[in-house]
$ cat model-v6.txt   # compact mmCIF, N, CA and C atoms
# COMPACT_ATOMS: atom_id res chain seq x y z
N GLU B 207 70.67 94.93 95.08
CA GLU B 207 71.79 94.07 94.73
C GLU B 207 71.50 93.40 93.40
N ASN B 208 72.51 93.17 92.63
CA ASN B 208 72.40 92.54 91.33
C ASN B 208 71.78 91.16 91.48
N GLY B 209 70.64 90.92 90.81
CA GLY B 209 69.95 89.65 90.91
C GLY B 209 70.77 88.46 90.46
N GLN B 210 71.80 88.69 89.67
CA GLN B 210 72.67 87.60 89.22
C GLN B 210 73.38 86.94 90.40
N TYR B 211 73.53 87.65 91.49
CA TYR B 211 74.25 87.13 92.65
C TYR B 211 73.30 86.91 93.82
N GLN B 212 72.19 86.25 93.51
CA GLN B 212 71.21 85.83 94.50
C GLN B 212 71.08 84.32 94.39
N TRP B 213 70.88 83.67 95.51
CA TRP B 213 70.70 82.23 95.51
C TRP B 213 69.36 81.92 96.16
N GLU B 214 68.64 80.96 95.59
CA GLU B 214 67.34 80.58 96.11
C GLU B 214 67.48 80.08 97.54
N ASP B 215 66.64 80.58 98.41
CA ASP B 215 66.61 80.18 99.82
C ASP B 215 67.86 80.55 100.61
N ILE B 216 68.67 81.47 100.08
CA ILE B 216 69.85 81.93 100.83
C ILE B 216 69.76 83.45 100.95
N PRO B 217 69.20 83.92 102.06
CA PRO B 217 69.06 85.37 102.22
C PRO B 217 70.41 86.03 102.53
N GLY B 218 70.54 87.26 102.13
CA GLY B 218 71.71 88.03 102.49
C GLY B 218 71.58 88.59 103.89
N GLN B 219 72.69 88.70 104.58
CA GLN B 219 72.70 89.28 105.93
C GLN B 219 73.61 90.50 105.91
N ARG B 220 73.03 91.67 106.11
CA ARG B 220 73.81 92.90 106.15
C ARG B 220 74.69 92.85 107.39
N ILE B 221 75.99 93.05 107.24
CA ILE B 221 76.91 93.00 108.37
C ILE B 221 76.92 94.37 109.05
N GLN B 222 76.58 94.39 110.32
CA GLN B 222 76.48 95.64 111.08
C GLN B 222 77.63 95.81 112.07
N ASP B 223 78.67 94.98 111.94
CA ASP B 223 79.78 95.03 112.88
C ASP B 223 80.56 96.34 112.77
N GLU B 224 81.17 96.74 113.87
CA GLU B 224 82.02 97.92 113.87
C GLU B 224 83.18 97.70 112.90
N GLY B 225 83.49 98.73 112.12
CA GLY B 225 84.59 98.65 111.17
C GLY B 225 84.21 98.08 109.82
N VAL B 226 82.93 97.74 109.63
CA VAL B 226 82.44 97.20 108.36
C VAL B 226 81.47 98.21 107.77
N GLU B 227 81.61 98.48 106.48
CA GLU B 227 80.72 99.43 105.81
C GLU B 227 80.16 98.81 104.53
N PHE B 228 78.83 98.79 104.40
CA PHE B 228 78.14 98.44 103.15
C PHE B 228 78.47 97.04 102.64
N VAL B 229 78.44 96.04 103.53
CA VAL B 229 78.75 94.65 103.17
C VAL B 229 77.57 93.75 103.52
N THR B 230 77.20 92.89 102.58
CA THR B 230 76.17 91.87 102.79
C THR B 230 76.81 90.51 102.57
N LYS B 231 76.50 89.56 103.48
CA LYS B 231 77.07 88.21 103.41
C LYS B 231 75.96 87.20 103.13
N HIS B 232 76.26 86.24 102.24
CA HIS B 232 75.38 85.11 101.97
C HIS B 232 76.18 83.84 102.29
N VAL B 233 75.68 83.01 103.19
CA VAL B 233 76.35 81.74 103.47
C VAL B 233 75.81 80.72 102.48
N LEU B 234 76.61 80.36 101.49
CA LEU B 234 76.18 79.46 100.42
C LEU B 234 76.21 78.00 100.86
N ILE B 235 77.27 77.62 101.54
CA ILE B 235 77.40 76.28 102.11
C ILE B 235 77.96 76.47 103.51
N GLY B 236 77.24 75.95 104.51
CA GLY B 236 77.68 76.18 105.88
C GLY B 236 77.10 75.17 106.85
N GLU B 237 76.96 75.60 108.10
CA GLU B 237 76.51 74.72 109.17
C GLU B 237 75.18 74.05 108.85
N LYS B 238 74.26 74.78 108.24
CA LYS B 238 72.94 74.22 107.93
C LYS B 238 73.02 73.05 106.95
N ASP B 239 74.13 72.95 106.23
CA ASP B 239 74.32 71.87 105.25
C ASP B 239 75.10 70.68 105.83
N ASN B 240 75.44 70.78 107.12
CA ASN B 240 76.19 69.71 107.80
C ASN B 240 77.51 69.37 107.12
N VAL B 241 78.20 70.39 106.62
CA VAL B 241 79.50 70.15 106.00
C VAL B 241 80.57 70.07 107.08
N PRO B 242 81.49 69.10 106.99
CA PRO B 242 82.45 68.91 108.07
C PRO B 242 83.68 69.81 108.01
N ASN B 243 84.05 70.30 106.82
CA ASN B 243 85.37 70.92 106.71
C ASN B 243 85.42 72.38 106.28
N MET B 244 84.57 72.79 105.35
CA MET B 244 84.69 74.13 104.77
C MET B 244 83.35 74.86 104.77
N ILE B 245 83.41 76.20 104.76
CA ILE B 245 82.24 77.06 104.63
C ILE B 245 82.48 77.97 103.42
N MET B 246 81.45 78.08 102.55
CA MET B 246 81.54 78.95 101.38
C MET B 246 80.57 80.10 101.55
N ARG B 247 81.10 81.32 101.37
CA ARG B 247 80.29 82.53 101.53
C ARG B 247 80.47 83.44 100.32
N TYR B 248 79.44 84.22 100.03
CA TYR B 248 79.53 85.27 99.02
C TYR B 248 79.39 86.61 99.74
N PHE B 249 80.31 87.53 99.45
CA PHE B 249 80.25 88.87 100.03
C PHE B 249 79.97 89.88 98.93
N HIS B 250 78.98 90.72 99.17
CA HIS B 250 78.60 91.80 98.27
C HIS B 250 79.00 93.10 98.96
N VAL B 251 79.90 93.85 98.33
CA VAL B 251 80.42 95.09 98.91
C VAL B 251 80.01 96.24 98.00
N GLU B 252 79.23 97.15 98.54
CA GLU B 252 78.78 98.30 97.77
C GLU B 252 79.92 99.31 97.60
N PRO B 253 79.78 100.25 96.64
CA PRO B 253 80.80 101.28 96.49
C PRO B 253 81.10 101.97 97.83
N ASN B 254 82.36 102.22 98.07
CA ASN B 254 82.88 102.82 99.31
C ASN B 254 82.79 101.88 100.52
N GLY B 255 82.42 100.63 100.28
CA GLY B 255 82.31 99.67 101.37
C GLY B 255 83.60 98.91 101.61
N HIS B 256 83.67 98.29 102.79
CA HIS B 256 84.86 97.50 103.14
C HIS B 256 84.55 96.57 104.30
N SER B 257 85.33 95.50 104.36
CA SER B 257 85.27 94.60 105.52
C SER B 257 86.09 95.22 106.64
N ARG B 258 86.08 94.56 107.78
CA ARG B 258 86.88 95.03 108.92
C ARG B 258 88.35 94.69 108.68
N LEU B 259 89.24 95.57 109.10
CA LEU B 259 90.66 95.28 109.11
C LEU B 259 90.90 94.38 110.32
N GLU B 260 91.24 93.10 110.05
CA GLU B 260 91.29 92.14 111.14
C GLU B 260 92.27 91.02 110.86
N ARG B 261 92.52 90.24 111.91
CA ARG B 261 93.27 89.00 111.77
C ARG B 261 92.61 87.97 112.66
N HIS B 262 92.62 86.72 112.20
CA HIS B 262 92.05 85.61 112.97
C HIS B 262 92.69 84.32 112.49
N SER B 263 92.43 83.25 113.18
CA SER B 263 93.18 82.01 112.94
C SER B 263 92.88 81.33 111.61
N GLN B 264 91.68 81.52 111.05
CA GLN B 264 91.36 80.78 109.83
C GLN B 264 91.96 81.41 108.59
N GLU B 265 92.33 80.56 107.64
CA GLU B 265 92.78 81.03 106.33
C GLU B 265 91.56 81.34 105.48
N HIS B 266 91.78 82.04 104.36
CA HIS B 266 90.72 82.38 103.40
C HIS B 266 91.20 82.03 102.00
N GLU B 267 90.30 81.47 101.21
CA GLU B 267 90.51 81.33 99.77
C GLU B 267 89.40 82.13 99.10
N VAL B 268 89.76 83.06 98.23
CA VAL B 268 88.81 84.01 97.66
C VAL B 268 88.92 84.02 96.14
N ILE B 269 87.76 84.13 95.47
CA ILE B 269 87.72 84.41 94.03
C ILE B 269 86.75 85.56 93.80
N VAL B 270 87.23 86.58 93.10
CA VAL B 270 86.40 87.76 92.80
C VAL B 270 85.49 87.42 91.63
N LEU B 271 84.19 87.70 91.79
CA LEU B 271 83.22 87.44 90.73
C LEU B 271 82.95 88.67 89.87
N HIS B 272 82.91 89.85 90.51
CA HIS B 272 82.58 91.06 89.75
C HIS B 272 83.06 92.30 90.50
N GLY B 273 83.18 93.38 89.74
CA GLY B 273 83.59 94.66 90.32
C GLY B 273 85.09 94.73 90.49
N GLN B 274 85.50 95.77 91.20
CA GLN B 274 86.93 95.93 91.48
C GLN B 274 87.12 96.43 92.89
N GLY B 275 88.25 96.07 93.45
CA GLY B 275 88.54 96.45 94.81
C GLY B 275 90.00 96.24 95.13
N THR B 276 90.29 96.26 96.40
CA THR B 276 91.64 95.94 96.87
C THR B 276 91.52 95.00 98.06
N VAL B 277 92.57 94.24 98.25
CA VAL B 277 92.73 93.50 99.48
C VAL B 277 94.01 94.01 100.12
N GLN B 278 93.91 94.38 101.38
CA GLN B 278 95.10 94.71 102.16
C GLN B 278 95.50 93.43 102.88
N ILE B 279 96.75 93.01 102.68
CA ILE B 279 97.32 91.88 103.40
C ILE B 279 98.59 92.41 104.06
N ALA B 280 98.58 92.47 105.38
CA ALA B 280 99.66 93.11 106.15
C ALA B 280 99.78 94.55 105.65
N ASP B 281 100.95 94.95 105.14
CA ASP B 281 101.14 96.32 104.66
C ASP B 281 101.01 96.44 103.14
N ASN B 282 100.57 95.38 102.48
CA ASN B 282 100.45 95.36 101.02
C ASN B 282 99.00 95.58 100.60
N PHE B 283 98.81 96.42 99.59
CA PHE B 283 97.50 96.68 99.02
C PHE B 283 97.51 96.15 97.59
N ILE B 284 96.65 95.16 97.32
CA ILE B 284 96.66 94.46 96.04
C ILE B 284 95.35 94.75 95.32
N PRO B 285 95.41 95.30 94.09
CA PRO B 285 94.18 95.55 93.34
C PRO B 285 93.54 94.23 92.90
N LEU B 286 92.20 94.21 92.88
CA LEU B 286 91.46 93.01 92.50
C LEU B 286 90.40 93.34 91.46
N LYS B 287 90.17 92.37 90.56
CA LYS B 287 89.11 92.47 89.56
C LYS B 287 88.53 91.07 89.37
N ALA B 288 87.48 90.97 88.55
CA ALA B 288 86.82 89.69 88.33
C ALA B 288 87.81 88.61 87.92
N MET B 289 87.66 87.44 88.52
CA MET B 289 88.43 86.23 88.29
C MET B 289 89.80 86.22 88.98
N ASP B 290 90.15 87.27 89.71
CA ASP B 290 91.36 87.22 90.53
C ASP B 290 91.12 86.31 91.73
N VAL B 291 92.17 85.64 92.18
CA VAL B 291 92.09 84.79 93.36
C VAL B 291 93.07 85.27 94.41
N VAL B 292 92.73 85.04 95.67
CA VAL B 292 93.53 85.52 96.80
C VAL B 292 93.60 84.42 97.85
N PHE B 293 94.76 84.24 98.43
CA PHE B 293 94.92 83.36 99.59
C PHE B 293 95.41 84.21 100.75
N ILE B 294 94.72 84.10 101.88
CA ILE B 294 95.13 84.82 103.09
C ILE B 294 95.42 83.77 104.16
N LYS B 295 96.65 83.76 104.64
CA LYS B 295 97.05 82.82 105.69
C LYS B 295 96.36 83.15 107.00
N GLY B 296 96.24 82.16 107.87
CA GLY B 296 95.70 82.40 109.20
C GLY B 296 96.55 83.40 109.95
N ASN B 297 95.91 84.24 110.75
CA ASN B 297 96.54 85.27 111.57
C ASN B 297 97.21 86.38 110.77
N GLU B 298 96.87 86.50 109.49
CA GLU B 298 97.42 87.58 108.66
C GLU B 298 96.42 88.75 108.64
N LEU B 299 96.91 89.95 108.92
CA LEU B 299 96.07 91.15 108.91
C LEU B 299 95.53 91.35 107.49
N HIS B 300 94.20 91.58 107.36
CA HIS B 300 93.62 91.72 106.03
C HIS B 300 92.33 92.53 106.06
N GLN B 301 92.00 93.08 104.89
CA GLN B 301 90.76 93.84 104.69
C GLN B 301 90.45 93.90 103.20
N PHE B 302 89.17 93.72 102.84
CA PHE B 302 88.71 93.87 101.47
C PHE B 302 87.95 95.19 101.34
N SER B 303 88.21 95.93 100.25
CA SER B 303 87.56 97.22 100.02
C SER B 303 87.10 97.33 98.58
N ASN B 304 85.95 97.96 98.37
CA ASN B 304 85.47 98.26 97.04
C ASN B 304 86.07 99.61 96.63
N THR B 305 86.84 99.59 95.56
CA THR B 305 87.48 100.83 95.08
C THR B 305 86.83 101.34 93.80
N GLY B 306 85.78 100.67 93.34
CA GLY B 306 85.13 101.05 92.10
C GLY B 306 83.84 101.79 92.33
N GLU B 307 83.15 102.07 91.23
CA GLU B 307 81.86 102.76 91.29
C GLU B 307 80.70 101.77 91.19
N GLU B 308 81.01 100.49 90.99
CA GLU B 308 79.99 99.45 90.91
C GLU B 308 80.16 98.50 92.09
N ASP B 309 79.19 97.60 92.27
CA ASP B 309 79.29 96.62 93.34
C ASP B 309 80.48 95.69 93.12
N PHE B 310 81.05 95.22 94.21
CA PHE B 310 82.20 94.34 94.24
C PHE B 310 81.75 93.07 94.95
N GLY B 311 81.97 91.90 94.34
CA GLY B 311 81.50 90.68 94.96
C GLY B 311 82.50 89.55 94.83
N PHE B 312 82.60 88.75 95.89
CA PHE B 312 83.55 87.63 95.85
C PHE B 312 83.06 86.47 96.70
N ILE B 313 83.52 85.29 96.31
CA ILE B 313 83.30 84.06 97.07
C ILE B 313 84.49 83.90 98.01
N CYS B 314 84.22 83.54 99.26
CA CYS B 314 85.28 83.33 100.26
C CYS B 314 85.02 81.99 100.94
N VAL B 315 86.02 81.12 100.91
CA VAL B 315 85.94 79.81 101.54
C VAL B 315 86.87 79.80 102.77
N ILE B 316 86.32 79.32 103.89
CA ILE B 316 87.09 79.23 105.14
C ILE B 316 86.88 77.86 105.77
N PRO B 317 87.77 77.45 106.66
CA PRO B 317 87.54 76.20 107.38
C PRO B 317 86.29 76.29 108.24
N ALA B 318 85.58 75.16 108.37
CA ALA B 318 84.37 75.13 109.20
C ALA B 318 84.71 75.22 110.67
N LYS B 319 85.86 74.72 111.05
CA LYS B 319 86.29 74.75 112.45
C LYS B 319 87.62 75.48 112.54
N THR B 320 87.73 76.38 113.49
CA THR B 320 88.98 77.12 113.64
C THR B 320 89.63 76.79 114.96
$ encode --input "model-v6.txt" --output "structure tokens"
Amino acid sequence: ENGQYQWEDIPGQRIQDEGVEFVTKHVLIGEKDNVPNMIMRYFHVEPNGHSRLERHSQEHEVIVLHGQGTVQIADNFIPLKAMDVVFIKGNELHQFSNTGEEDFGFICVIPAKT
């Protein structure tokens, strides 16, 4: 993984869930920090990788840091590149995919409690 997207004392966790391919998650701000409202995560998606196609109650605020990909929101497929931002409402069907030949990475903020 690109060393530019590493944080001291924050290890990456390879996601092994069904429907997820080639994704590593870093929890940048979360439960260990005793934050009451929001969780900030960085997702590193390798070429041909994707998150699970899913829906759940929490909303997402996302900013793409590098690479290119798409986000599927319901039946819409939206291309993404560095500095693009995305809002996904709660209970909206969504999936992030790397469509490029390089790594795709983004910050995703969600509520701490759902």
$ atom_distance --input "model-v6.txt" --atom1 "CA of Ile221 (chain B)" --atom2 "atom N of Gly255 (chain B)"
12.4 Å
$ closest_residue --input "model-v6.txt" --among "B:Ala288, B:Cys314, B:Val241, B:Val229" --to "His266 (chain B)" --atoms "only N, CA and C atoms"
B:Cys314
$ select_by_dssp --input "model-v6.txt" --residues "region 225-319 of chain B" --states "strand (DSSP E)" --output "PyMOL selection string"
chain B and resi 227-235+244-256+266-272+274-279+282-287+291-294+300-304+310-317
$ residues_around --input "model-v6.txt" --residues "Ile216 (chain B)" --least-positions-apart "6" --cutoff "8 Å" --atoms "all atoms listed in the file" --output "number ranges by chain"
B: 231-234
$ write_last_selection --input "model-v6.txt" --atoms "N, CA and C atoms" --output "tab-separated table (two decimals), keeping the file's coordinate frame"
chain	number	residue	atom	x	y	z
B	231	LYS	N	76.50	89.56	103.48
B	231	LYS	CA	77.07	88.21	103.41
B	231	LYS	C	75.96	87.20	103.13
B	232	HIS	N	76.26	86.24	102.24
B	232	HIS	CA	75.38	85.11	101.97
B	232	HIS	C	76.18	83.84	102.29
B	233	VAL	N	75.68	83.01	103.19
B	233	VAL	CA	76.35	81.74	103.47
B	233	VAL	C	75.81	80.72	102.48
B	234	LEU	N	76.61	80.36	101.49
B	234	LEU	CA	76.18	79.46	100.42
B	234	LEU	C	76.21	78.00	100.86
$ axis_aligned_box --input "model-v6.txt" --around "region 272-286 of chain B" --padding-each-side "3 Å" --output "AutoDock Vina command-line options"
--center_x 91.9 --center_y 93.3 --center_z 97.9 --size_x 24.6 --size_y 12.8 --size_z 22.4
$ atom_distance --input "model-v6.txt" --atom1 "CA of Ile269 (chain B)" --atom2 "atom N of Phe293 (chain B)"
8.3 Å
$ atom_distance --input "model-v6.txt" --atom1 "atom N of Glu237 (chain B)" --atom2 "atom N of Ala318 (chain B)"
8.6 Å
$ residues_around --input "model-v6.txt" --residues "Gln264 (chain B)" --least-positions-apart "3" --cutoff "6 Å" --atoms "all atoms listed in the file" --output "list in words"
Lys295, Gly296, Asn297, Pro317 and Thr320 of chain B
$ closest_residue --input "model-v6.txt" --among "B:Asp239, B:Glu260, B:Asp223, B:Asp309" --to "Gly275 (chain B)" --atoms "all atoms listed in the file"
B:Asp309
$ closest_residue --input "model-v6.txt" --among "B:Val268, B:Glu224, B:Val315, B:Thr230" --to "Gln212 (chain B)" --atoms "only C-alpha atoms"
B:Thr230
$ residues_around --input "model-v6.txt" --residues "Lys319 (chain B)" --least-positions-apart "6" --cutoff "10 Å" --atoms "only C-alpha atoms" --output "count of residues only"
5
$ residues_near_point --input "model-v6.txt" --point "(86.0, 97.0, 93.9)" --cutoff "5 Å" --atoms "all atoms listed in the file" --output "PDB file with N, CA and C atoms, in the coordinates of the input"
ATOM      1  N   GLY B 273      83.180  93.380  89.740  1.00  0.00           N
ATOM      2  CA  GLY B 273      83.590  94.660  90.320  1.00  0.00           C
ATOM      3  C   GLY B 273      85.090  94.730  90.490  1.00  0.00           C
ATOM      4  N   GLN B 274      85.500  95.770  91.200  1.00  0.00           N
ATOM      5  CA  GLN B 274      86.930  95.930  91.480  1.00  0.00           C
ATOM      6  C   GLN B 274      87.120  96.430  92.890  1.00  0.00           C
ATOM      7  N   GLY B 275      88.250  96.070  93.450  1.00  0.00           N
ATOM      8  CA  GLY B 275      88.540  96.450  94.810  1.00  0.00           C
ATOM      9  C   GLY B 275      90.000  96.240  95.130  1.00  0.00           C
ATOM     10  N   SER B 303      88.210  95.930 100.250  1.00  0.00           N
ATOM     11  CA  SER B 303      87.560  97.220 100.020  1.00  0.00           C
ATOM     12  C   SER B 303      87.100  97.330  98.580  1.00  0.00           C
ATOM     13  N   ASN B 304      85.950  97.960  98.370  1.00  0.00           N
ATOM     14  CA  ASN B 304      85.470  98.260  97.040  1.00  0.00           C
ATOM     15  C   ASN B 304      86.070  99.610  96.630  1.00  0.00           C
ATOM     16  N   THR B 305      86.840  99.590  95.560  1.00  0.00           N
ATOM     17  CA  THR B 305      87.480 100.830  95.080  1.00  0.00           C
ATOM     18  C   THR B 305      86.830 101.340  93.800  1.00  0.00           C
ATOM     19  N   GLY B 306      85.780 100.670  93.340  1.00  0.00           N
ATOM     20  CA  GLY B 306      85.130 101.050  92.100  1.00  0.00           C
ATOM     21  C   GLY B 306      83.840 101.790  92.330  1.00  0.00           C
ATOM     22  N   PHE B 310      81.050  95.220  94.210  1.00  0.00           N
ATOM     23  CA  PHE B 310      82.200  94.340  94.240  1.00  0.00           C
ATOM     24  C   PHE B 310      81.750  93.070  94.950  1.00  0.00           C
TER      25      PHE B 310
END
$ closest_residue --input "model-v6.txt" --among "B:Phe312, B:Phe228, B:Gln278, B:Val292" --to "Glu252 (chain B)" --atoms "all atoms listed in the file"
B:Phe228
$ closest_residue --input "model-v6.txt" --among "B:Leu271, B:Tyr211, B:Val251, B:His262" --to "Phe302 (chain B)" --atoms "only C-alpha atoms"
B:Val251
$ closest_residue --input "model-v6.txt" --among "B:His272, B:His250, B:Gln301, B:Gln210" --to "Gly225 (chain B)" --atoms "only C-alpha atoms"
B:Gln301
